[in-house]
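Enquirer: Structure file target-v8.tsv, TSV, C-alpha atoms, is pasted below:
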```
chain	number	residue	atom	x	y	z
A	15	MET	CA	6.64	21.60	-17.87
A	16	THR	CA	7.61	18.29	-16.25
A	17	PRO	CA	5.03	16.40	-14.14
A	18	HIS	CA	7.01	16.86	-10.94
A	19	ALA	CA	6.84	20.64	-11.33
A	20	ARG	CA	3.05	20.58	-11.07
A	21	PRO	CA	0.86	20.34	-7.99
A	22	LEU	CA	-0.41	16.78	-7.85
A	23	LEU	CA	-4.06	17.51	-8.59
A	24	ASP	CA	-3.11	19.69	-11.58
A	25	TRP	CA	-1.39	16.68	-13.18
A	26	SER	CA	-2.76	13.69	-15.06
A	27	PRO	CA	-0.93	10.37	-14.58
A	28	GLU	CA	-0.81	7.65	-17.21
A	29	ALA	CA	-1.20	4.85	-14.63
A	30	VAL	CA	-2.16	4.59	-10.97
A	31	VAL	CA	-0.65	2.03	-8.60
A	32	PHE	CA	-2.41	1.47	-5.27
A	33	ASP	CA	-1.14	-0.04	-2.07
A	34	CYS	CA	-3.64	-2.53	-0.64
A	35	ASP	CA	-3.51	-2.69	3.19
A	36	GLY	CA	-4.74	0.53	4.74
A	37	THR	CA	-5.19	2.17	1.33
A	38	LEU	CA	-7.80	0.10	-0.51
A	39	MET	CA	-8.66	-2.37	2.23
A	40	ASP	CA	-9.21	-1.56	5.91
A	41	SER	CA	-6.91	-4.39	6.94
A	42	GLU	CA	-4.19	-2.57	8.87
A	43	ARG	CA	-6.34	-3.08	11.98
A	44	HIS	CA	-6.21	-6.82	11.25
A	45	TRP	CA	-2.40	-6.71	11.19
A	46	VAL	CA	-2.42	-4.87	14.53
A	47	GLU	CA	-4.70	-7.50	16.06
A	48	ALA	CA	-2.74	-10.34	14.44
A	49	ARG	CA	0.51	-9.03	15.95
A	50	THR	CA	-1.13	-8.82	19.36
A	51	LEU	CA	-2.40	-12.40	19.05
A	52	ALA	CA	0.96	-13.68	17.83
A	53	PHE	CA	2.80	-12.03	20.71
A	54	ARG	CA	0.23	-13.43	23.14
A	55	GLU	CA	0.60	-16.92	21.67
A	56	PHE	CA	4.24	-16.83	22.76
A	57	GLY	CA	3.47	-15.24	26.15
A	58	LEU	CA	4.80	-11.86	25.04
A	59	GLN	CA	3.57	-8.29	24.71
A	60	ALA	CA	4.37	-5.70	22.05
A	61	PRO	CA	6.61	-2.88	23.27
A	62	PRO	CA	5.22	0.70	23.23
A	63	GLY	CA	5.08	2.25	19.78
A	64	PHE	CA	5.47	-1.06	17.96
A	65	ALA	CA	2.31	-0.69	15.86
A	66	GLU	CA	3.54	2.48	14.16
A	67	GLN	CA	7.01	1.04	13.68
A	68	ALA	CA	5.63	-2.06	11.96
A	69	LYS	CA	3.05	-0.35	9.75
A	70	GLY	CA	3.45	-1.25	6.10
A	71	MET	CA	6.23	-3.80	6.63
A	72	HIS	CA	6.36	-7.12	4.81
A	73	TYR	CA	5.08	-9.77	7.20
A	74	GLU	CA	8.39	-11.69	7.24
A	75	GLU	CA	10.32	-8.56	8.17
A	76	CYS	CA	7.64	-7.77	10.74
A	77	GLY	CA	8.05	-11.21	12.30
A	78	ARG	CA	11.79	-10.64	12.65
A	79	LEU	CA	11.17	-7.20	14.10
A	80	MET	CA	8.68	-8.64	16.59
A	81	ALA	CA	11.29	-11.13	17.78
A	82	ASP	CA	14.04	-8.50	17.98
A	83	SER	CA	11.79	-6.04	19.81
A	84	VAL	CA	11.42	-8.48	22.72
A	85	HIS	CA	15.08	-9.57	22.53
A	86	LYS	CA	14.21	-13.10	21.41
A	87	PRO	CA	15.55	-13.38	17.84
A	88	GLU	CA	15.24	-17.17	18.02
A	89	LEU	CA	11.43	-16.75	17.88
A	90	ALA	CA	11.44	-14.96	14.52
A	91	ALA	CA	10.17	-17.92	12.46
A	92	GLY	CA	7.50	-18.85	14.98
A	93	LEU	CA	6.21	-15.30	15.35
A	94	THR	CA	6.19	-14.84	11.57
A	95	GLY	CA	4.09	-17.96	11.07
A	96	ALA	CA	1.69	-17.06	13.86
A	97	LEU	CA	1.35	-13.50	12.52
A	98	LEU	CA	0.35	-14.65	9.04
A	99	ASP	CA	-2.02	-17.34	10.32
A	100	HIS	CA	-3.88	-14.91	12.58
A	101	PHE	CA	-4.04	-12.25	9.88
A	102	LEU	CA	-5.45	-14.61	7.25
A	103	GLU	CA	-8.17	-15.71	9.63
A	104	LEU	CA	-9.09	-12.14	10.55
A	105	VAL	CA	-9.08	-10.69	7.02
A	106	THR	CA	-11.13	-13.60	5.65
A	107	ASP	CA	-13.81	-13.05	8.27
A	108	ASP	CA	-14.02	-9.26	7.89
A	109	PRO	CA	-12.97	-7.73	4.53
A	110	VAL	CA	-13.78	-3.99	4.53
A	111	THR	CA	-12.77	-1.29	2.05
A	112	MET	CA	-11.35	2.08	3.07
A	113	PRO	CA	-13.64	5.13	2.68
A	114	GLY	CA	-13.73	6.31	-0.92
A	115	ALA	CA	-11.67	3.40	-2.26
A	116	VAL	CA	-14.43	1.74	-4.28
A	117	GLN	CA	-15.65	5.00	-5.85
A	118	LEU	CA	-12.15	6.17	-6.76
A	119	VAL	CA	-11.13	2.85	-8.30
A	120	ARG	CA	-14.34	2.59	-10.31
A	121	THR	CA	-13.94	6.18	-11.52
A	122	LEU	CA	-10.38	5.55	-12.71
A	123	SER	CA	-11.07	2.10	-14.12
A	124	GLY	CA	-11.00	2.00	-17.92
A	125	ARG	CA	-9.41	5.43	-18.20
A	126	LEU	CA	-5.85	4.26	-17.58
A	127	PRO	CA	-4.01	1.16	-16.34
A	128	LEU	CA	-4.47	0.34	-12.66
A	129	ALA	CA	-2.21	-1.87	-10.56
A	130	VAL	CA	-1.68	-2.88	-6.95
A	131	ALA	CA	1.76	-2.97	-5.32
A	132	SER	CA	1.67	-4.57	-1.89
A	133	ASN	CA	3.88	-6.17	0.74
A	134	CYS	CA	1.13	-8.72	1.47
A	135	PRO	CA	1.10	-12.27	0.10
A	136	MET	CA	-0.66	-12.60	-3.27
A	137	VAL	CA	-3.39	-14.78	-1.77
A	138	VAL	CA	-4.28	-12.00	0.68
A	139	VAL	CA	-4.33	-9.22	-1.92
A	140	GLU	CA	-6.29	-11.14	-4.55
A	141	GLY	CA	-8.74	-12.54	-2.00
A	142	SER	CA	-9.37	-9.15	-0.40
A	143	LEU	CA	-9.92	-7.39	-3.73
A	144	GLU	CA	-12.16	-10.20	-4.98
A	145	ARG	CA	-14.38	-10.06	-1.90
A	146	ALA	CA	-14.58	-6.27	-2.21
A	147	GLY	CA	-15.61	-6.49	-5.87
A	148	LEU	CA	-12.49	-4.63	-7.03
A	149	ARG	CA	-10.27	-7.36	-8.50
A	150	THR	CA	-11.45	-6.94	-12.11
A	151	HIS	CA	-10.45	-3.25	-12.13
A	152	PHE	CA	-6.72	-4.02	-11.74
A	153	GLN	CA	-4.65	-5.25	-14.65
A	154	HIS	CA	-1.65	-6.13	-12.49
A	155	ILE	CA	-0.87	-7.10	-8.89
A	156	VAL	CA	2.76	-7.01	-7.76
A	157	VAL	CA	3.96	-8.45	-4.44
A	158	PRO	CA	7.45	-9.52	-3.30
A	159	GLU	CA	6.73	-13.14	-4.24
A	160	THR	CA	6.11	-12.08	-7.88
A	161	GLY	CA	9.76	-12.83	-8.64
A	162	ASP	CA	13.02	-13.73	-6.91
A	163	SER	CA	14.42	-10.24	-7.51
A	164	VAL	CA	11.35	-8.36	-6.24
A	165	ARG	CA	12.16	-7.07	-2.78
A	166	PRO	CA	9.52	-5.74	-0.35
A	167	LYS	CA	8.88	-2.10	0.42
A	168	PRO	CA	10.68	0.18	1.28
A	169	TRP	CA	12.76	-1.14	-1.63
A	170	PRO	CA	11.40	0.35	-4.89
A	171	ASP	CA	10.99	-3.01	-6.68
A	172	VAL	CA	7.22	-3.50	-6.46
A	173	TYR	CA	6.53	0.00	-7.81
A	174	LEU	CA	9.13	-0.23	-10.56
A	175	LEU	CA	7.66	-3.52	-11.76
A	176	ALA	CA	4.07	-2.26	-11.48
A	177	ALA	CA	4.84	0.81	-13.62
A	178	ARG	CA	6.65	-1.35	-16.19
A	179	LEU	CA	3.73	-3.79	-16.40
A	180	CYS	CA	1.39	-0.84	-16.90
A	181	GLY	CA	3.56	0.27	-19.80
A	182	VAL	CA	4.54	3.68	-18.45
A	183	PRO	CA	7.74	5.27	-17.11
A	184	PRO	CA	7.69	5.59	-13.29
A	185	LEU	CA	7.55	9.41	-13.44
A	186	LYS	CA	4.27	9.13	-15.39
A	187	ALA	CA	2.63	6.96	-12.71
A	188	LEU	CA	0.94	7.85	-9.43
A	189	ALA	CA	1.31	5.76	-6.27
A	190	VAL	CA	-1.38	5.83	-3.58
A	191	GLU	CA	-0.06	4.91	-0.13
A	192	ASP	CA	-0.94	5.09	3.56
A	193	SER	CA	2.39	4.18	5.22
A	194	LEU	CA	5.82	5.78	5.32
A	195	THR	CA	7.28	2.44	4.26
A	196	GLY	CA	5.17	2.51	1.11
A	197	VAL	CA	5.74	6.20	0.44
A	198	GLU	CA	9.48	5.63	0.62
A	199	SER	CA	9.22	2.69	-1.79
A	200	ALA	CA	7.25	4.67	-4.37
A	201	HIS	CA	9.45	7.73	-3.98
A	202	ARG	CA	12.60	5.66	-4.57
A	203	ALA	CA	10.99	4.19	-7.68
A	204	GLY	CA	10.37	7.66	-9.10
A	205	LEU	CA	6.57	7.70	-8.93
A	206	ARG	CA	4.62	10.68	-7.69
A	207	VAL	CA	2.90	9.82	-4.42
A	208	LEU	CA	-0.48	10.54	-2.87
A	209	GLY	CA	-0.48	9.81	0.85
A	210	VAL	CA	-3.81	8.94	2.45
A	211	GLY	CA	-4.98	8.56	6.04
A	212	PRO	CA	-3.66	10.16	9.23
A	213	ARG	CA	-0.53	12.10	8.31
A	214	PRO	CA	2.45	10.51	10.07
A	215	ALA	CA	4.65	12.59	12.32
A	216	GLY	CA	8.16	13.49	11.24
A	217	ASP	CA	9.73	14.30	7.90
A	218	GLY	CA	8.89	11.04	6.10
A	219	ALA	CA	5.48	12.28	4.97
A	220	LYS	CA	7.18	15.07	3.01
A	221	ARG	CA	8.20	12.46	0.42
A	222	ALA	CA	4.55	12.35	-0.64
A	223	ASP	CA	3.46	15.02	-3.14
A	224	LEU	CA	0.15	15.42	-1.33
A	225	TRP	CA	-1.42	13.95	1.80
A	226	LEU	CA	-5.21	13.64	2.18
A	227	PRO	CA	-7.26	12.28	5.10
A	228	THR	CA	-9.22	9.77	2.97
A	229	LEU	CA	-9.81	8.70	-0.62
A	230	HIS	CA	-13.27	10.18	-0.26
A	231	GLU	CA	-12.09	13.81	-0.38
A	232	PRO	CA	-14.20	15.82	-2.89
A	233	GLU	CA	-11.16	17.38	-4.58
A	234	LEU	CA	-9.66	13.94	-5.23
A	235	LEU	CA	-12.85	12.51	-6.72
A	236	SER	CA	-13.30	15.64	-8.84
A	237	TRP	CA	-9.72	15.26	-10.09
A	238	ALA	CA	-10.36	11.63	-11.02
A	239	GLU	CA	-13.52	12.54	-12.90
A	240	THR	CA	-12.21	15.58	-14.78
A	241	ARG	CA	-8.41	15.43	-15.16
A	242	VAL	CA	-7.64	11.75	-15.58
A	243	THR	CA	-8.06	10.89	-19.23
A	244	GLY	CA	-5.60	8.04	-19.72
A	245	GLY	CA	-3.73	9.71	-22.56
A	246	PRO	CA	-0.24	11.23	-22.45
A	247	GLU	CA	-0.03	14.92	-21.76
A	248	PRO	CA	1.90	17.40	-23.87
A	249	ASP	CA	5.24	18.53	-22.44
```
If you convert what's in this file into structure tokens, what do you get?
Expert:
Amino acid sequence: MTPHARPLLDWSPEAVVFDCDGTLMDSERHWVEARTLAFREFGLQAPPGFAEQAKGMHYEECGRLMADSVHKPELAAGLTGALLDHFLELVTDDPVTMPGAVQLVRTLSGRLPLAVASNCPMVVVEGSLERAGLRTHFQHIVVPETGDSVRPKPWPDVYLLAARLCGVPPLKALAVEDSLTGVESAHRAGLRVLGVGPRPAGDGAKRADLWLPTLHEPELLSWAETRVTGGPEPD
């Protein structure tokens, strides 16, 4: 039986790759506030529905989208810079983990390789994980700046590289994601996907193998404790 023929929680991955923002760290709210502050800095206001549209995007792409959304493409560089500056200030002042993230990571740690694949700058990911006491549990962190050929989500690059660094084929790895952008990235890379958080509307969420409200769900923690062994499974 192939892994993709099994329900997700009846399957044991050989590596787990986590998104950071909104999955491990409760920092999506900081991006929302940073976008608001950046718009305000330029005397602008986000159009309706912008927060959902921008969720999970790389900050440079988000800056361009911000400028395009208010029909001022010439402001893309300025908005991008303001967005990152405001976010870094906010996330430094208030690093908070998502419910269940610490317990799940600590349960999986040592049983199999763990990695992070994020659209955030490396300084943000490493700093957030360090302040949360999680950095030592991850063998690899992959972000678009890792290499010239590593494109941001929804391209599959960060997940393909994370699986390769973990030493496993993509189909043997599990991605944990909270955004449709990230789910699409992992799906394109060939990983199985656990979606977490409020389930998005539309068909995009169907690309995840399973969607749970939080990482603190009892069935997920039980799976991590009993089914994840770190060794390859028989075919």
Enquirer: Which residues of region 175-219 of chain A come within 10 Å of region 29-50 of chain A, and what is each one's closest atom pair and distance in Å (one decimal), counting only C-alpha atoms, sorted by chain and residue number, as a tab-separated table?
Expert:
```
residue	atom	partner	partner_atom	distance
A:Ala176	CA	A:Val31	CA	7.0
A:Ala177	CA	A:Ala29	CA	7.3
A:Cys180	CA	A:Ala29	CA	6.7
A:Gly181	CA	A:Ala29	CA	8.4
A:Val182	CA	A:Ala29	CA	7.0
A:Pro183	CA	A:Ala29	CA	9.3
A:Pro184	CA	A:Ala29	CA	9.0
A:Leu185	CA	A:Ala29	CA	9.9
A:Lys186	CA	A:Ala29	CA	7.0
A:Ala187	CA	A:Ala29	CA	4.8
A:Leu188	CA	A:Val30	CA	4.8
A:Ala189	CA	A:Val31	CA	4.8
A:Val190	CA	A:Phe32	CA	4.8
A:Glu191	CA	A:Asp33	CA	5.4
A:Asp192	CA	A:Thr37	CA	5.6
A:Ser193	CA	A:Gly36	CA	8.0
A:Gly196	CA	A:Asp33	CA	7.5
A:Val197	CA	A:Asp33	CA	9.6
A:Ala200	CA	A:Val31	CA	9.3
A:Leu205	CA	A:Val31	CA	9.2
A:Arg206	CA	A:Val30	CA	9.7
A:Val207	CA	A:Val31	CA	9.5
A:Leu208	CA	A:Phe32	CA	9.6
A:Gly209	CA	A:Thr37	CA	9.0
A:Val210	CA	A:Thr37	CA	7.0
A:Gly211	CA	A:Thr37	CA	7.9
```
Enquirer: Between region 29-72 of chain A and region 163-173 of chain A, at 8 Å or less, what are the per-residue closest atom pairs and their distances in Å? Count all atoms listed in the file, order by chain and rising residue number, and return it as CSV.
Expert:
```
residue,atom,partner,partner_atom,distance
A:Val31,CA,A:Tyr173,CA,7.5
A:Gly70,CA,A:Lys167,CA,7.9
A:Met71,CA,A:Lys167,CA,7.0
A:His72,CA,A:Pro166,CA,6.2
```
Enquirer: Could you check which of A:Thr195, A:Thr94, A:Asn133, A:Gln153 is closest to Pro214 (chain A), using all atoms listed in the file?
Expert: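 Smallest separation from Pro214 (chain A) among the options: A:Thr195.
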Enquirer: If we count all atoms listed in the file, what is near Ala146 (chain A) at a cut-off of 8 Å, once residues fewer than 6 positions away on the same chain are taken out, given as an MDAnalysis selection string?
Expert: chainID A and resid 109:111
Enquirer: Find the residue from A:Trp25, A:Ser236, A:Ser83, A:Arg149 that sits nearest to Gln67 (chain A); use only C-alpha atoms when measuring.
Expert: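 The closest residue to Gln67 (chain A) is A:Ser83.
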Enquirer: Only C-alpha atoms, please: region 16-142 of chain A from the block, as a PDB file, in the first residue's frame.
Expert:
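Wrote it out as out.pdb, contents follow:
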```
ATOM      1  CA  THR A  16       1.397   3.425  -0.904  1.00  0.00           C
ATOM      2  CA  PRO A  17       1.363   6.227   1.719  1.00  0.00           C
ATOM      3  CA  HIS A  18      -1.084   8.327  -0.281  1.00  0.00           C
ATOM      4  CA  ALA A  19      -3.638   5.512  -0.192  1.00  0.00           C
ATOM      5  CA  ARG A  20      -3.835   5.699   3.597  1.00  0.00           C
ATOM      6  CA  PRO A  21      -5.752   8.128   5.787  1.00  0.00           C
ATOM      7  CA  LEU A  22      -3.212  10.586   7.132  1.00  0.00           C
ATOM      8  CA  LEU A  23      -3.327   9.499  10.768  1.00  0.00           C
ATOM      9  CA  ASP A  24      -2.936   5.835   9.775  1.00  0.00           C
ATOM     10  CA  TRP A  25       0.395   6.669   8.123  1.00  0.00           C
ATOM     11  CA  SER A  26       3.859   7.251   9.557  1.00  0.00           C
ATOM     12  CA  PRO A  27       6.039   9.852   7.806  1.00  0.00           C
ATOM     13  CA  GLU A  28       9.819   9.705   7.741  1.00  0.00           C
ATOM     14  CA  ALA A  29      10.178  13.485   8.186  1.00  0.00           C
ATOM     15  CA  VAL A  30       7.910  16.379   9.143  1.00  0.00           C
ATOM     16  CA  VAL A  31       8.258  19.866   7.683  1.00  0.00           C
ATOM     17  CA  PHE A  32       6.429  22.696   9.451  1.00  0.00           C
ATOM     18  CA  ASP A  33       5.442  26.107   8.204  1.00  0.00           C
ATOM     19  CA  CYS A  34       6.288  28.801  10.756  1.00  0.00           C
ATOM     20  CA  ASP A  35       3.860  31.762  10.620  1.00  0.00           C
ATOM     21  CA  GLY A  36       0.404  30.755  11.779  1.00  0.00           C
ATOM     22  CA  THR A  37       1.452  27.114  12.204  1.00  0.00           C
ATOM     23  CA  LEU A  38       4.184  27.090  14.857  1.00  0.00           C
ATOM     24  CA  MET A  39       4.169  30.767  15.768  1.00  0.00           C
ATOM     25  CA  ASP A  40       1.109  32.963  16.288  1.00  0.00           C
ATOM     26  CA  SER A  41       2.567  35.648  14.053  1.00  0.00           C
ATOM     27  CA  GLU A  42      -0.032  35.906  11.291  1.00  0.00           C
ATOM     28  CA  ARG A  43      -1.768  38.528  13.441  1.00  0.00           C
ATOM     29  CA  HIS A  44       1.505  40.489  13.387  1.00  0.00           C
ATOM     30  CA  TRP A  45       1.530  40.415   9.579  1.00  0.00           C
ATOM     31  CA  VAL A  46      -2.067  41.675   9.552  1.00  0.00           C
ATOM     32  CA  GLU A  47      -1.170  44.546  11.882  1.00  0.00           C
ATOM     33  CA  ALA A  48       2.060  45.257   9.986  1.00  0.00           C
ATOM     34  CA  ARG A  49       0.130  45.541   6.710  1.00  0.00           C
ATOM     35  CA  THR A  50      -2.323  47.924   8.342  1.00  0.00           C
ATOM     36  CA  LEU A  51       0.519  50.068   9.687  1.00  0.00           C
ATOM     37  CA  ALA A  52       2.348  50.050   6.354  1.00  0.00           C
ATOM     38  CA  PHE A  53      -0.772  51.120   4.470  1.00  0.00           C
ATOM     39  CA  ARG A  54      -1.396  53.836   7.069  1.00  0.00           C
ATOM     40  CA  GLU A  55       2.192  55.068   6.773  1.00  0.00           C
ATOM     41  CA  PHE A  56       1.457  55.874   3.128  1.00  0.00           C
ATOM     42  CA  GLY A  57      -2.003  57.318   3.861  1.00  0.00           C
ATOM     43  CA  LEU A  58      -3.749  54.256   2.463  1.00  0.00           C
ATOM     44  CA  GLN A  59      -6.213  51.614   3.618  1.00  0.00           C
ATOM     45  CA  ALA A  60      -6.348  47.915   2.769  1.00  0.00           C
ATOM     46  CA  PRO A  61      -9.224  46.970   0.470  1.00  0.00           C
ATOM     47  CA  PRO A  62     -11.892  44.536   1.783  1.00  0.00           C
ATOM     48  CA  GLY A  63     -10.742  40.924   1.896  1.00  0.00           C
ATOM     49  CA  PHE A  64      -7.061  41.782   1.575  1.00  0.00           C
ATOM     50  CA  ALA A  65      -5.987  39.932   4.739  1.00  0.00           C
ATOM     51  CA  GLU A  66      -7.191  36.565   3.443  1.00  0.00           C
ATOM     52  CA  GLN A  67      -5.742  37.215   0.004  1.00  0.00           C
ATOM     53  CA  ALA A  68      -2.306  37.989   1.448  1.00  0.00           C
ATOM     54  CA  LYS A  69      -2.147  35.165   3.998  1.00  0.00           C
ATOM     55  CA  GLY A  70       0.966  33.053   3.628  1.00  0.00           C
ATOM     56  CA  MET A  71       2.551  35.190   0.900  1.00  0.00           C
ATOM     57  CA  HIS A  72       6.240  36.050   0.839  1.00  0.00           C
ATOM     58  CA  TYR A  73       6.601  39.578   2.176  1.00  0.00           C
ATOM     59  CA  GLU A  74       8.061  40.934  -1.089  1.00  0.00           C
ATOM     60  CA  GLU A  75       5.138  39.559  -3.093  1.00  0.00           C
ATOM     61  CA  CYS A  76       2.791  40.919  -0.434  1.00  0.00           C
ATOM     62  CA  GLY A  77       4.318  44.381  -0.776  1.00  0.00           C
ATOM     63  CA  ARG A  78       3.726  44.302  -4.523  1.00  0.00           C
ATOM     64  CA  LEU A  79       0.184  43.083  -3.985  1.00  0.00           C
ATOM     65  CA  MET A  80      -0.442  45.865  -1.470  1.00  0.00           C
ATOM     66  CA  ALA A  81       0.654  48.448  -4.031  1.00  0.00           C
ATOM     67  CA  ASP A  82      -1.387  46.871  -6.833  1.00  0.00           C
ATOM     68  CA  SER A  83      -4.477  46.570  -4.636  1.00  0.00           C
ATOM     69  CA  VAL A  84      -4.614  50.357  -4.226  1.00  0.00           C
ATOM     70  CA  HIS A  85      -3.609  50.992  -7.860  1.00  0.00           C
ATOM     71  CA  LYS A  86      -0.247  52.495  -6.909  1.00  0.00           C
ATOM     72  CA  PRO A  87       2.371  50.045  -8.242  1.00  0.00           C
ATOM     73  CA  GLU A  88       5.068  52.703  -7.846  1.00  0.00           C
ATOM     74  CA  LEU A  89       4.777  52.270  -4.050  1.00  0.00           C
ATOM     75  CA  ALA A  90       5.690  48.572  -4.086  1.00  0.00           C
ATOM     76  CA  ALA A  91       9.244  49.002  -2.753  1.00  0.00           C
ATOM     77  CA  GLY A  92       8.210  51.468  -0.070  1.00  0.00           C
ATOM     78  CA  LEU A  93       5.302  49.353   1.143  1.00  0.00           C
ATOM     79  CA  THR A  94       7.476  46.230   1.167  1.00  0.00           C
ATOM     80  CA  GLY A  95      10.096  47.911   3.325  1.00  0.00           C
ATOM     81  CA  ALA A  96       7.528  49.360   5.707  1.00  0.00           C
ATOM     82  CA  LEU A  97       5.762  45.985   5.975  1.00  0.00           C
ATOM     83  CA  LEU A  98       8.920  44.148   7.005  1.00  0.00           C
ATOM     84  CA  ASP A  99      10.032  46.871   9.425  1.00  0.00           C
ATOM     85  CA  HIS A 100       6.684  46.901  11.226  1.00  0.00           C
ATOM     86  CA  PHE A 101       6.502  43.114  11.341  1.00  0.00           C
ATOM     87  CA  LEU A 102       9.988  42.710  12.807  1.00  0.00           C
ATOM     88  CA  GLU A 103       9.175  45.187  15.539  1.00  0.00           C
ATOM     89  CA  LEU A 104       5.888  43.473  16.386  1.00  0.00           C
ATOM     90  CA  VAL A 105       7.164  39.883  16.353  1.00  0.00           C
ATOM     91  CA  THR A 106      10.205  40.779  18.464  1.00  0.00           C
ATOM     92  CA  ASP A 107       8.005  42.324  21.127  1.00  0.00           C
ATOM     93  CA  ASP A 108       5.436  39.517  21.262  1.00  0.00           C
ATOM     94  CA  PRO A 109       6.552  36.007  20.182  1.00  0.00           C
ATOM     95  CA  VAL A 110       3.753  33.501  20.915  1.00  0.00           C
ATOM     96  CA  THR A 111       3.414  29.863  19.847  1.00  0.00           C
ATOM     97  CA  MET A 112       0.252  28.389  18.362  1.00  0.00           C
ATOM     98  CA  PRO A 113      -1.801  26.036  20.586  1.00  0.00           C
ATOM     99  CA  GLY A 114      -0.277  22.568  20.659  1.00  0.00           C
ATOM    100  CA  ALA A 115       2.825  23.533  18.664  1.00  0.00           C
ATOM    101  CA  VAL A 116       5.365  23.104  21.465  1.00  0.00           C
ATOM    102  CA  GLN A 117       3.961  19.750  22.617  1.00  0.00           C
ATOM    103  CA  LEU A 118       3.753  18.333  19.092  1.00  0.00           C
ATOM    104  CA  VAL A 119       7.271  19.408  18.142  1.00  0.00           C
ATOM    105  CA  ARG A 120       8.749  18.049  21.363  1.00  0.00           C
ATOM    106  CA  THR A 121       6.896  14.754  20.890  1.00  0.00           C
ATOM    107  CA  LEU A 122       8.217  14.338  17.348  1.00  0.00           C
ATOM    108  CA  SER A 123      11.719  15.578  18.114  1.00  0.00           C
ATOM    109  CA  GLY A 124      14.328  12.818  18.056  1.00  0.00           C
ATOM    110  CA  ARG A 125      11.992  10.340  16.394  1.00  0.00           C
ATOM    111  CA  LEU A 126      12.507  11.630  12.859  1.00  0.00           C
ATOM    112  CA  PRO A 127      14.014  14.644  11.082  1.00  0.00           C
ATOM    113  CA  LEU A 128      12.166  17.924  11.552  1.00  0.00           C
ATOM    114  CA  ALA A 129      12.447  20.996   9.333  1.00  0.00           C
ATOM    115  CA  VAL A 130      10.802  24.357   8.814  1.00  0.00           C
ATOM    116  CA  ALA A 131       9.837  25.676   5.376  1.00  0.00           C
ATOM    117  CA  SER A 132       8.741  29.301   5.496  1.00  0.00           C
ATOM    118  CA  ASN A 133       8.212  32.352   3.313  1.00  0.00           C
ATOM    119  CA  CYS A 134       9.573  34.564   6.114  1.00  0.00           C
ATOM    120  CA  PRO A 135      13.134  35.913   6.220  1.00  0.00           C
ATOM    121  CA  MET A 136      15.594  33.602   7.991  1.00  0.00           C
ATOM    122  CA  VAL A 137      16.172  36.136  10.770  1.00  0.00           C
ATOM    123  CA  VAL A 138      12.451  36.093  11.592  1.00  0.00           C
ATOM    124  CA  VAL A 139      12.117  32.298  11.592  1.00  0.00           C
ATOM    125  CA  GLU A 140      15.266  31.601  13.593  1.00  0.00           C
ATOM    126  CA  GLY A 141      14.565  34.403  16.066  1.00  0.00           C
ATOM    127  CA  SER A 142      10.964  33.321  16.622  1.00  0.00           C
TER     128      SER A 142
END
```
